[in-house]
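Colleague: My structure file final.cif, mmCIF, C-alpha atoms, is below:
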data_entry
loop_
_atom_site.label_atom_id
_atom_site.label_comp_id
_atom_site.auth_asym_id
_atom_site.auth_seq_id
_atom_site.Cartn_x
_atom_site.Cartn_y
_atom_site.Cartn_z
CA MET A 1 107.85 112.26 67.78
CA LYS A 2 111.14 110.44 67.62
CA ASN A 3 110.97 106.72 67.18
CA ILE A 4 113.66 104.48 68.54
CA ALA A 5 114.28 100.78 68.31
CA ILE A 6 115.81 98.66 71.03
CA PHE A 7 117.95 95.62 70.27
CA ALA A 8 118.11 93.34 73.27
CA SER A 9 119.46 89.94 74.15
CA GLY A 10 119.00 89.79 77.84
CA SER A 11 116.44 90.47 80.43
CA GLY A 12 115.69 93.85 79.04
CA GLU A 13 115.65 95.79 82.26
CA SER A 14 117.12 98.84 80.61
CA ALA A 15 114.75 98.47 77.71
CA ARG A 16 111.79 98.25 80.02
CA ARG A 17 112.94 101.35 81.81
CA VAL A 18 113.25 103.25 78.57
CA VAL A 19 109.86 102.09 77.37
CA SER A 20 108.03 102.84 80.55
CA LEU A 21 109.50 106.30 80.78
CA PHE A 22 109.18 107.39 77.20
CA ASN A 23 106.09 105.73 75.89
CA GLU A 24 103.88 107.64 78.28
CA GLY A 25 105.03 110.90 76.80
CA ASN A 26 104.81 112.18 73.29
CA ARG A 27 108.31 113.04 72.29
CA ILE A 28 110.16 109.79 72.23
CA ARG A 29 108.62 106.43 71.59
CA VAL A 30 109.99 102.94 71.41
CA SER A 31 108.34 101.69 68.29
CA LEU A 32 110.20 98.44 67.83
CA VAL A 33 112.12 95.89 69.84
CA VAL A 34 114.37 93.33 68.22
CA THR A 35 115.74 90.39 70.11
CA ASP A 36 118.01 87.59 69.04
CA ARG A 37 117.04 85.25 71.83
CA GLU A 38 113.98 83.19 71.27
CA ASN A 39 112.31 83.29 74.67
CA ALA A 40 113.91 86.42 75.94
CA GLU A 41 112.36 87.77 79.10
CA ILE A 42 112.15 91.10 77.42
CA ILE A 43 109.22 89.95 75.32
CA GLU A 44 107.20 89.26 78.44
CA LEU A 45 108.42 92.39 80.17
CA LEU A 46 107.32 94.62 77.35
CA GLN A 47 104.05 92.88 76.59
CA PRO A 48 101.94 95.19 78.77
CA PHE A 49 103.17 98.12 76.72
CA GLY A 50 101.95 96.66 73.45
CA ILE A 51 105.18 97.24 71.59
CA GLU A 52 106.01 95.37 68.46
CA THR A 53 108.63 92.79 69.35
CA VAL A 54 110.51 90.95 66.64
CA PHE A 55 112.65 87.91 67.11
CA MET A 56 115.54 87.56 64.69
CA SER A 57 118.03 84.78 65.14
CA ARG A 58 121.72 85.46 64.64
CA GLU A 59 121.61 83.70 61.30
CA ARG A 60 118.73 85.79 60.11
CA LEU A 61 120.43 88.93 61.28
CA ARG A 62 123.42 87.97 59.23
CA ASP A 63 121.69 86.81 56.10
CA ASP A 64 118.38 88.63 56.01
CA ALA A 65 119.49 92.09 56.97
CA SER A 66 117.51 93.81 54.26
CA GLU A 67 114.26 92.74 55.89
CA LEU A 68 115.36 94.21 59.19
CA LEU A 69 116.49 97.41 57.57
CA ALA A 70 113.18 97.74 55.75
CA LEU A 71 111.32 97.21 58.99
CA LEU A 72 113.37 99.83 60.76
CA LYS A 73 112.74 102.31 58.00
CA GLU A 74 109.07 101.49 57.93
CA ARG A 75 108.74 102.22 61.62
CA GLY A 76 110.55 105.49 61.19
CA VAL A 77 113.28 104.49 63.61
CA GLU A 78 115.76 107.30 64.18
CA LEU A 79 117.93 105.77 66.84
CA ILE A 80 118.96 102.25 67.77
CA ALA A 81 119.61 101.47 71.41
CA LEU A 82 121.46 98.28 72.29
CA ASP A 83 120.47 96.75 75.59
CA ASP A 84 122.93 94.00 76.42
CA PHE A 85 122.73 93.01 72.79
CA LYS A 86 124.99 90.09 72.11
CA GLY A 87 124.27 89.74 68.43
CA ILE A 88 125.91 91.65 65.66
CA LEU A 89 124.20 94.50 63.90
CA PRO A 90 124.17 93.68 60.22
CA GLU A 91 126.44 95.89 58.20
CA SER A 92 123.67 97.49 56.20
CA VAL A 93 121.91 98.53 59.39
CA GLU A 94 125.13 99.78 60.91
CA SER A 95 126.01 101.96 57.99
CA GLU A 96 122.49 103.30 57.68
CA TYR A 97 122.41 104.16 61.36
CA ALA A 98 126.00 105.27 61.69
CA GLY A 99 126.35 107.54 64.66
CA LYS A 100 122.81 106.78 65.73
CA VAL A 101 123.51 103.66 67.73
CA VAL A 102 123.65 103.87 71.50
CA THR A 103 124.58 101.22 74.03
CA LEU A 104 122.46 101.28 77.15
CA THR A 105 124.61 100.77 80.18
CA GLY A 106 122.06 100.14 82.86
CA PRO A 107 118.39 100.63 83.73
CA GLU A 108 118.94 103.95 85.47
CA GLU A 109 121.25 105.54 82.92
CA ALA A 110 119.52 104.18 79.84
CA PRO A 111 116.99 106.96 79.31
CA ILE A 112 119.66 109.64 79.65
CA GLU A 113 121.75 107.96 77.00
CA VAL A 114 118.80 107.87 74.65
CA VAL A 115 117.97 111.51 75.20
CA ASN A 116 121.61 112.49 74.86
CA ALA A 117 121.99 110.64 71.63
CA LEU A 118 118.80 112.09 70.20
CA GLU A 119 119.56 115.63 71.19
CA ARG A 120 122.95 115.84 69.61
CA PRO A 121 122.58 117.68 66.32
CA ALA A 122 122.84 115.44 63.30
CA ALA A 123 126.01 117.15 62.21
CA ALA A 124 127.81 115.94 65.29
CA ARG A 125 126.86 112.36 64.75
CA GLN A 126 129.59 111.58 62.33
CA GLU A 127 132.28 108.97 62.48
CA ILE A 128 135.04 109.83 64.90
CA ASN A 129 138.05 111.49 63.38
CA LEU A 130 140.37 108.56 62.94
CA GLU A 131 143.43 110.68 63.34
CA LYS A 132 142.75 111.02 67.03
CA LYS A 133 144.39 107.81 68.11
CA GLU A 134 144.88 108.37 71.79
CA PRO A 135 141.61 109.05 73.68
CA LYS A 136 142.57 111.60 76.22
CA SER A 137 139.76 111.44 78.73
CA VAL A 138 137.04 109.14 79.94
CA ASP A 139 134.48 111.16 78.02
CA GLU A 140 136.39 110.67 74.81
CA GLU A 141 136.63 106.98 75.44
CA TRP A 142 132.90 106.72 75.98
CA ALA A 143 132.27 108.77 72.89
CA GLU A 144 134.32 106.31 70.96
CA THR A 145 132.50 103.34 72.39
CA LEU A 146 129.14 104.85 71.66
CA LYS A 147 130.31 105.89 68.22
CA ILE A 148 129.31 109.48 68.75
CA ASP A 149 131.41 112.44 67.85
CA PHE A 150 133.13 113.86 70.88
CA ASP A 151 132.88 117.57 71.33
CA GLU A 152 134.52 118.74 74.50
CA SER A 153 132.58 121.94 74.70
CA ARG A 154 129.38 119.95 74.98
CA VAL A 155 130.46 117.88 77.93
CA ARG A 156 127.94 118.40 80.67
CA THR A 157 128.59 118.43 84.34
CA THR A 158 124.94 118.19 85.23
CA PRO A 159 122.46 115.69 83.83
CA PRO A 160 120.35 116.89 80.93
CA PRO A 161 116.70 117.78 81.39
CA ILE A 162 114.49 114.84 80.63
CA PRO A 163 111.22 115.38 78.74
CA SER A 164 108.43 114.91 81.19
CA ALA A 165 107.13 111.41 80.76
CA GLN A 166 104.76 111.33 83.70
CA PRO A 167 101.07 112.04 83.46
CA THR A 168 100.32 114.74 85.99
CA PRO A 169 97.81 113.66 88.57
CA ALA A 170 96.89 117.08 89.83
CA GLY A 171 97.33 120.39 88.13
CA PRO A 172 100.18 121.43 85.85
CA THR A 173 103.63 120.17 86.59
CA PRO A 174 106.49 122.67 86.52
CA ALA A 175 108.39 122.05 83.29
CA GLN A 176 111.04 119.48 83.93
CA PRO A 177 113.98 121.44 82.47
CA ALA A 178 113.34 124.12 85.02
CA SER A 179 113.78 121.90 88.02
CA PRO A 180 117.24 122.06 89.53
CA GLN A 181 118.47 118.58 89.85
CA VAL A 182 121.95 118.49 91.19
CA ASN A 183 122.11 116.81 94.53
CA ALA A 184 125.54 115.73 95.60
CA THR A 185 124.31 112.92 97.77
CA ALA A 186 121.91 111.24 95.34
CA PRO A 187 123.43 108.21 93.62
CA ASN A 188 123.06 109.55 90.12
CA GLY A 189 122.80 113.16 91.07
CA MET A 190 119.23 113.62 89.93
CA GLN A 191 116.12 114.92 91.59
CA GLY A 192 112.74 116.03 90.42
CA THR A 193 113.02 113.84 87.32
CA PRO A 194 111.43 110.57 86.39
CA PHE A 195 113.84 108.89 88.83
CA ASN A 196 112.17 110.38 91.86
CA PRO A 197 110.74 108.14 94.56
CA THR A 198 107.40 107.66 92.88
CA PRO A 199 108.22 106.90 89.27
CA ALA A 200 105.98 103.86 89.22
CA GLN A 201 102.80 105.91 89.05
CA GLY A 202 103.73 107.17 85.65
CA GLU A 203 103.95 103.71 84.24
CA SER A 204 100.48 102.37 84.61
CA PRO A 205 97.14 103.73 85.72
CA MET A 206 95.80 102.90 89.11
CA PRO A 207 94.14 99.51 89.24
CA SER A 208 90.50 99.70 90.09
CA THR A 209 89.79 99.95 93.77
CA TYR A 210 86.31 98.46 93.30
CA MET A 211 85.40 100.85 96.07
CA ILE A 212 81.94 101.53 94.82
CA TRP A 213 81.17 97.83 94.66
CA SER A 214 82.63 97.29 98.11
CA VAL A 215 80.29 99.95 99.39
CA LEU A 216 77.26 98.51 97.67
CA ALA A 217 78.14 95.03 98.84
CA THR A 218 78.49 96.25 102.40
CA VAL A 219 75.19 98.06 102.40
CA PHE A 220 72.99 95.72 100.47
CA CYS A 221 74.58 92.37 101.00
CA CYS A 222 76.62 91.00 103.81
CA PHE A 223 78.36 93.80 105.64
CA ILE A 224 81.09 91.72 107.24
CA PRO A 225 82.86 90.64 104.06
CA GLY A 226 81.86 94.03 102.71
CA ILE A 227 83.97 95.80 105.31
CA VAL A 228 86.87 93.53 104.44
CA ALA A 229 86.43 94.48 100.80
CA ILE A 230 86.48 98.16 101.74
CA ILE A 231 89.73 97.63 103.60
CA PHE A 232 91.31 96.08 100.54
CA SER A 233 89.93 98.85 98.37
CA SER A 234 91.68 101.38 100.56
CA GLN A 235 94.85 99.34 100.32
CA VAL A 236 94.79 99.63 96.54
CA SER A 237 94.90 103.36 96.89
CA THR A 238 97.55 103.57 99.58
CA ARG A 239 99.82 101.09 97.88
CA TYR A 240 99.51 102.71 94.48
CA ILE A 241 100.44 106.08 95.89
CA ALA A 242 103.42 104.53 97.61
CA GLY A 243 104.52 103.22 94.23
CA ASP A 244 103.80 99.57 94.89
CA ILE A 245 101.92 98.69 91.72
CA GLN A 246 102.15 94.97 92.31
CA GLY A 247 100.74 95.29 95.79
CA ALA A 248 98.01 97.57 94.53
CA ARG A 249 96.94 95.02 91.96
CA GLN A 250 96.98 92.33 94.60
CA ALA A 251 94.79 94.37 96.89
CA SER A 252 92.50 95.08 93.97
CA ASP A 253 92.09 91.38 93.29
CA ARG A 254 91.43 90.64 96.94
CA ALA A 255 88.82 93.38 97.13
CA GLN A 256 87.11 91.79 94.18
CA ILE A 257 87.08 88.41 95.89
CA TRP A 258 85.54 89.76 99.07
CA ILE A 259 82.92 91.66 97.12
CA ILE A 260 81.89 88.42 95.52
CA VAL A 261 81.90 86.69 98.91
CA SER A 262 79.68 89.40 100.31
CA PHE A 263 77.32 89.20 97.39
CA VAL A 264 77.05 85.42 97.49
CA LEU A 265 76.61 85.30 101.25
CA GLY A 266 74.00 88.00 101.12
CA LEU A 267 72.16 86.16 98.41
CA LEU A 268 72.32 82.83 100.22
CA THR A 269 71.35 84.07 103.64
CA SER A 270 68.55 86.25 102.51
CA THR A 271 66.91 83.74 100.24
CA LEU A 272 67.60 80.50 101.99
CA TYR A 273 66.25 81.40 105.38
CA LEU A 274 62.70 80.97 104.17
CA PRO A 275 62.90 77.32 103.12
CA ILE A 276 64.96 76.54 106.22
CA MET A 277 62.36 78.21 108.38
CA LEU A 278 59.60 76.33 106.71
CA ILE A 279 61.38 73.06 107.15
CA SER A 280 62.09 73.58 110.84
CA MET B 1 74.30 94.40 84.65
CA THR B 2 71.85 97.09 83.66
CA LEU B 3 69.30 94.33 83.28
CA VAL B 4 69.75 93.43 86.92
CA VAL B 5 69.30 97.04 87.90
CA ILE B 6 66.15 97.35 85.87
CA ILE B 7 64.68 94.16 87.29
CA GLY B 8 65.57 95.33 90.78
CA ALA B 9 63.99 98.71 90.21
CA VAL B 10 60.79 97.19 88.91
CA PHE B 11 60.64 94.74 91.78
CA TYR B 12 61.08 97.30 94.50
CA PHE B 13 58.65 99.61 92.87
CA ALA B 14 55.97 97.03 92.70
CA VAL B 15 56.44 95.28 95.96
CA ASP B 16 56.01 96.83 99.37
CA PRO B 17 58.60 95.26 101.61
CA ALA B 18 56.53 96.02 104.67
CA THR B 19 53.73 93.72 103.64
CA PHE B 20 55.18 91.31 101.12
CA PRO B 21 56.02 88.06 102.91
CA PHE B 22 58.87 86.85 100.74
CA MET B 23 61.38 89.65 101.07
CA PRO B 24 65.04 88.77 101.57
CA GLN B 25 65.86 89.35 105.20
CA CYS B 26 69.01 90.19 107.05
CA VAL B 27 70.33 87.19 108.93
CA PHE B 28 72.42 89.39 111.15
CA HIS B 29 69.32 91.18 112.33
CA ARG B 30 67.42 88.01 112.98
CA LEU B 31 70.24 86.49 114.96
CA THR B 32 71.36 89.45 117.01
CA GLY B 33 68.53 91.93 116.86
CA LEU B 34 71.02 94.61 115.90
CA GLN B 35 70.75 96.64 112.75
CA CYS B 36 73.49 96.53 110.17
CA VAL B 37 74.51 99.30 107.83
CA GLY B 38 71.93 98.47 105.22
CA CYS B 39 68.97 97.48 107.31
CA GLY B 40 65.85 99.09 105.93
CA SER B 41 67.34 99.59 102.53
CA GLN B 42 64.66 97.58 100.80
CA ARG B 43 61.92 99.71 102.31
CA MET B 44 64.03 102.72 101.48
CA LEU B 45 64.24 101.74 97.82
CA HIS B 46 60.51 101.18 97.67
CA ALA B 47 59.83 104.58 99.18
CA LEU B 48 62.32 106.39 96.97
CA LEU B 49 61.01 104.75 93.83
CA HIS B 50 57.63 106.15 94.75
CA GLY B 51 59.12 109.56 95.29
CA ASP B 52 58.78 109.43 99.04
CA ILE B 53 62.12 110.78 100.18
CA ALA B 54 61.03 111.30 103.74
CA GLY B 55 59.97 107.68 103.90
CA GLY B 56 63.30 106.67 102.50
CA PHE B 57 65.00 108.75 105.11
CA ARG B 58 63.03 107.07 107.84
CA ALA B 59 63.96 103.64 106.61
CA ASN B 60 67.68 104.22 106.26
CA ALA B 61 68.89 107.76 106.67
CA PHE B 62 72.54 107.22 105.89
CA VAL B 63 72.03 105.51 102.58
CA THR B 64 69.37 107.96 101.48
CA ILE B 65 71.64 110.90 102.09
CA SER B 66 74.63 109.33 100.42
CA LEU B 67 72.83 108.23 97.27
CA PRO B 68 73.88 111.23 95.14
CA PHE B 69 77.43 110.75 96.32
CA VAL B 70 77.24 107.07 95.45
CA ALA B 71 75.99 107.98 91.99
CA PHE B 72 79.01 110.25 91.55
CA LEU B 73 81.41 107.54 92.71
CA LEU B 74 79.83 105.10 90.29
CA TRP B 75 80.30 107.55 87.44
CA VAL B 76 83.96 108.02 88.32
CA GLU B 77 84.47 104.27 88.49
CA LEU B 78 82.87 103.73 85.11
CA ASN B 79 85.14 106.39 83.68
CA ARG B 80 88.25 104.95 85.21
CA GLU B 81 90.05 104.45 81.94
CA ARG B 82 89.07 107.72 80.38
CA ARG B 83 89.83 109.91 83.32
CA PRO B 84 92.55 108.25 85.35
CA HIS B 85 93.58 111.49 87.00
CA LEU B 86 90.12 112.11 88.35
CA TYR B 87 89.86 108.50 89.42
CA ARG B 88 93.06 108.72 91.33
CA ARG B 89 92.08 111.89 93.10
CA VAL B 90 88.62 110.75 94.02
CA TYR B 91 89.57 107.29 95.18
CA SER B 92 92.25 108.49 97.51
CA PRO B 93 92.99 106.57 100.70
CA VAL B 94 91.37 109.39 102.65
CA LEU B 95 88.04 108.97 100.99
CA ILE B 96 87.95 105.22 101.21
CA ILE B 97 88.94 105.13 104.85
CA ALA B 98 86.48 107.90 105.62
CA THR B 99 83.75 105.81 104.05
CA GLY B 100 84.63 102.82 106.14
CA VAL B 101 84.64 104.91 109.26
CA ALA B 102 81.31 106.49 108.31
CA PHE B 103 79.79 103.07 107.89
CA ALA B 104 80.99 101.92 111.27
CA ALA B 105 79.86 105.13 112.90
CA TRP B 106 76.42 104.87 111.34
CA MET B 107 76.02 101.32 112.48
CA ILE B 108 76.91 102.19 116.05
CA VAL B 109 74.75 105.28 116.10
CA ARG B 110 71.69 103.64 114.69
CA ASN B 111 71.80 100.84 117.17
CA MET B 112 72.19 103.29 119.99
CA LEU B 113 69.41 105.54 118.84
CA GLY B 114 67.19 102.80 117.57
CA ILE B 115 66.89 104.24 114.07
#
Render the structure in this file as structure tokens.

Modeller:
Amino acid sequence: MKNIAIFASGSGESARRVVSLFNEGNRIRVSLVVTDRENAEIIELLQPFGIETVFMSRERLRDDASELLALLKERGVELIALDDFKGILPESVESEYAGKVVTLTGPEEAPIEVVNALERPAAARQEINLEKKEPKSVDEEWAETLKIDFDESRVRTTPPPIPSAQPTPAGPTPAQPASPQVNATAPNGMQGTPFNPTPAQGESPMPSTYMIWSVLATVFCCFIPGIVAIIFSSQVSTRYIAGDIQGARQASDRAQIWIIVSFVLGLLTSTLYLPIMLIS
Amino acid sequence: MTLVVIIGAVFYFAVDPATFPFMPQCVFHRLTGLQCVGCGSQRMLHALLHGDIAGGFRANAFVTISLPFVAFLLWVELNRERRPHLYRRVYSPVLIIATGVAFAAWMIVRNMLGI
């Protein structure tokens, strides 16, 4: 299990992407998030994942670096990923994690960068040879920016295999590295990886359909709102499969409401008729 | 929740809905004369709690037959967090829609056949 820490200043979209893809698996885990903005959206975004989020102001980062370094060490962090991080990594942290700092460029590319950085052998993660003054290619330039040693023989033309981070709903999944992924027309040239059309299912389990309660409400209480509840229950399922987690949750909530309506109506109508009858 | 179930079970065991005057009644039935999906379910419960499956079948055939299935669905629902894969497979759109259709079909059939 490799632990990584994410330093973020902004909205944290890349961070969220990394977290949601890796934390479901068991090879890479985001164990810590550090932000230098007090009410960063990233805190809220990552809350459902239950990750430790630490706020450190710029001043604290500058003056209290030893605390941060101790925390990183304590969490066993092996790689630092910067997601739109506008602060400055304290020098002690930078030297400790030399060659193990990655800048995430965007939500879609972020996980690849993390995997790339983690899979390079430690020997290659040394400071760039300062004698090479003129970067010759785009790859070399990026290597310099990311502070990773550039080895031309390791330049890939196809994206690397990504450790499977999706729970498999039915039966064994073919191992991800075995799936051919090059597709010239896809925007980032990847297929059969966590970026496929239904990545959302891997992030969170299906919200409850309340189907069983819809059924019981329909049969034993009022069947009209009960049928409505069944419709919403089915919507939870269809929407979740389509990848619309938000919509699925919405439908789940609505199903709940109609179940309650059915129950209350059934209770009222079946028990109140007697007094009303007696009165009239 | 289990308390409610226990109270309900005791109640339907003790009371015979055919003779007891204070049973909850279906408003839909009183107003339209038609039977809804669950009509007869109280008598059905009483019969089943006394071990009379045939009586339960007479009262409400559809629900009597589907009771084991309902028990299974309930078990899956209660295990939603522990077995999300199973949950997802069982509560597929197909199943849920099929249930809705079955309900509607039963309601139509029973009003046509008078059962």

Colleague: Find the residues near Gly38 (chain B): any atom within 9 Å, counting all atoms listed in the file, skip ones fewer than 5 places away on the same chain, and give them as a list in words.

Modeller: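 Those residues are Thr218, Val219, Phe220, Cys221, Cys222 and Phe223 of chain A; Cys26, Asn60, Phe62, Val63 and Met107 of chain B.
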
Colleague: When the cut-off is 6 Å and we count all atoms listed in the file, which residues of chain B are near chain A, given as a list in words?

Modeller: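 Taking all atoms listed in the file into account, Pro24, Gln25, Val37, Gly38, His85, Ser92, Pro93 and Ile96 of chain B sit within 6 Å of chain A.
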
Colleague: State, in Å with one decimal place, the distance from CA of Gln250 (chain A) to CA of Leu46 (chain A).

Modeller: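 Interatomic distance, CA of Gln250 (chain A) to CA of Leu46 (chain A): 20.2 Å.
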
Colleague: I need every residue sitting at most 6 Å from the point (122.4, 104.3, 78.2) (coordinates as in the file, only C-alpha atoms considered), written as JSON, numbers by chain.

Modeller: {"A": [103, 104, 105, 109, 110, 113]}

Colleague: Which value, in Å to one decimal, gives the distance between CA of Ala251 (chain A) and CA of Glu13 (chain A)?

Modeller: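 CA of Glu13 (chain A) lies 25.5 Å from CA of Ala251 (chain A).
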
Colleague: As an exercise, work out the distance from CA of Ala81 (chain A) to CA of Val101 (chain A) in Å and give it to one decimal place.

Modeller: 5.8 Å

Colleague: Counting all atoms listed in the file, which residues sit no farther than 10 Å from the position (121.1, 99.7, 77.7) in the file's frame? I'd like them as JSON, numbers by chain.

Modeller: {"A": [6, 7, 8, 12, 13, 14, 15, 16, 17, 18, 81, 82, 83, 84, 85, 102, 103, 104, 105, 106, 107, 108, 109, 110, 111, 113, 114]}

Colleague: Write out, as an mmCIF file, in the coordinates of the input, the residues just selected, with C-alpha atoms.

Modeller:
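Wrote result.cif, looks like this:
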data_model
loop_
_atom_site.group_PDB
_atom_site.id
_atom_site.type_symbol
_atom_site.label_atom_id
_atom_site.label_comp_id
_atom_site.auth_asym_id
_atom_site.auth_seq_id
_atom_site.Cartn_x
_atom_site.Cartn_y
_atom_site.Cartn_z
ATOM 1 C CA ILE A 6 115.810 98.660 71.030
ATOM 2 C CA PHE A 7 117.950 95.620 70.270
ATOM 3 C CA ALA A 8 118.110 93.340 73.270
ATOM 4 C CA GLY A 12 115.690 93.850 79.040
ATOM 5 C CA GLU A 13 115.650 95.790 82.260
ATOM 6 C CA SER A 14 117.120 98.840 80.610
ATOM 7 C CA ALA A 15 114.750 98.470 77.710
ATOM 8 C CA ARG A 16 111.790 98.250 80.020
ATOM 9 C CA ARG A 17 112.940 101.350 81.810
ATOM 10 C CA VAL A 18 113.250 103.250 78.570
ATOM 11 C CA ALA A 81 119.610 101.470 71.410
ATOM 12 C CA LEU A 82 121.460 98.280 72.290
ATOM 13 C CA ASP A 83 120.470 96.750 75.590
ATOM 14 C CA ASP A 84 122.930 94.000 76.420
ATOM 15 C CA PHE A 85 122.730 93.010 72.790
ATOM 16 C CA VAL A 102 123.650 103.870 71.500
ATOM 17 C CA THR A 103 124.580 101.220 74.030
ATOM 18 C CA LEU A 104 122.460 101.280 77.150
ATOM 19 C CA THR A 105 124.610 100.770 80.180
ATOM 20 C CA GLY A 106 122.060 100.140 82.860
ATOM 21 C CA PRO A 107 118.390 100.630 83.730
ATOM 22 C CA GLU A 108 118.940 103.950 85.470
ATOM 23 C CA GLU A 109 121.250 105.540 82.920
ATOM 24 C CA ALA A 110 119.520 104.180 79.840
ATOM 25 C CA PRO A 111 116.990 106.960 79.310
ATOM 26 C CA GLU A 113 121.750 107.960 77.000
ATOM 27 C CA VAL A 114 118.800 107.870 74.650
#

Colleague: Quick check on the file I pasted: which residues fall under the PyMOL selection byres ((chain B and resi 47) around 12)? Write them as a short mmCIF file (atom, residue, chain, number, x, y, z; two decimals) with C-alpha atoms, in the frame of the given file.

Modeller:
data_model
loop_
_atom_site.label_atom_id
_atom_site.label_comp_id
_atom_site.auth_asym_id
_atom_site.auth_seq_id
_atom_site.Cartn_x
_atom_site.Cartn_y
_atom_site.Cartn_z
CA ALA B 9 63.99 98.71 90.21
CA TYR B 12 61.08 97.30 94.50
CA PHE B 13 58.65 99.61 92.87
CA ALA B 14 55.97 97.03 92.70
CA VAL B 15 56.44 95.28 95.96
CA ASP B 16 56.01 96.83 99.37
CA PRO B 17 58.60 95.26 101.61
CA ALA B 18 56.53 96.02 104.67
CA GLY B 40 65.85 99.09 105.93
CA SER B 41 67.34 99.59 102.53
CA GLN B 42 64.66 97.58 100.80
CA ARG B 43 61.92 99.71 102.31
CA MET B 44 64.03 102.72 101.48
CA LEU B 45 64.24 101.74 97.82
CA HIS B 46 60.51 101.18 97.67
CA LEU B 48 62.32 106.39 96.97
CA LEU B 49 61.01 104.75 93.83
CA HIS B 50 57.63 106.15 94.75
CA GLY B 51 59.12 109.56 95.29
CA ASP B 52 58.78 109.43 99.04
CA ILE B 53 62.12 110.78 100.18
CA ALA B 54 61.03 111.30 103.74
CA GLY B 55 59.97 107.68 103.90
CA GLY B 56 63.30 106.67 102.50
CA PHE B 57 65.00 108.75 105.11
CA ARG B 58 63.03 107.07 107.84
CA ALA B 59 63.96 103.64 106.61
CA ASN B 60 67.68 104.22 106.26
CA THR B 64 69.37 107.96 101.48
#

Colleague: Applying 12 Å and only C-alpha atoms, which residues near Arg27 (chain A) remain after dropping the ones on its own chain fewer than 4 positions away? List them as a PyMOL selection string.

Modeller: chain A and resi 1-4+21-23+114-115+118-119+162-165

Colleague: Report as AutoDock Vina command-line options the centre and the edge lengths, in Å to one decimal, of the axis-aligned box holding every listed atom of region 1-14 of chain B, padded by 3 Å on each side.

Modeller:
--center_x 65.1 --center_y 96.5 --center_z 88.9 --size_x 24.3 --size_y 12.2 --size_z 17.2

Colleague: Using all atoms listed in the file, which residue out of B:Ala98, B:Leu73, B:Cys36, B:Leu67 lies closest to Leu86 (chain B)?

Modeller: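 Checking each of B:Ala98, B:Leu73, B:Cys36, B:Leu67 against Leu86 (chain B), counting all atoms listed in the file, the winner is B:Leu73.
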
Colleague: Enumerate, as an MDAnalysis selection string, the residues matched when the PyMOL selection byres ((chain A and resi 259) around 8) is run on the file above.

Modeller: chainID A and resid 213:214 217 225:226 229 255:258 260:263
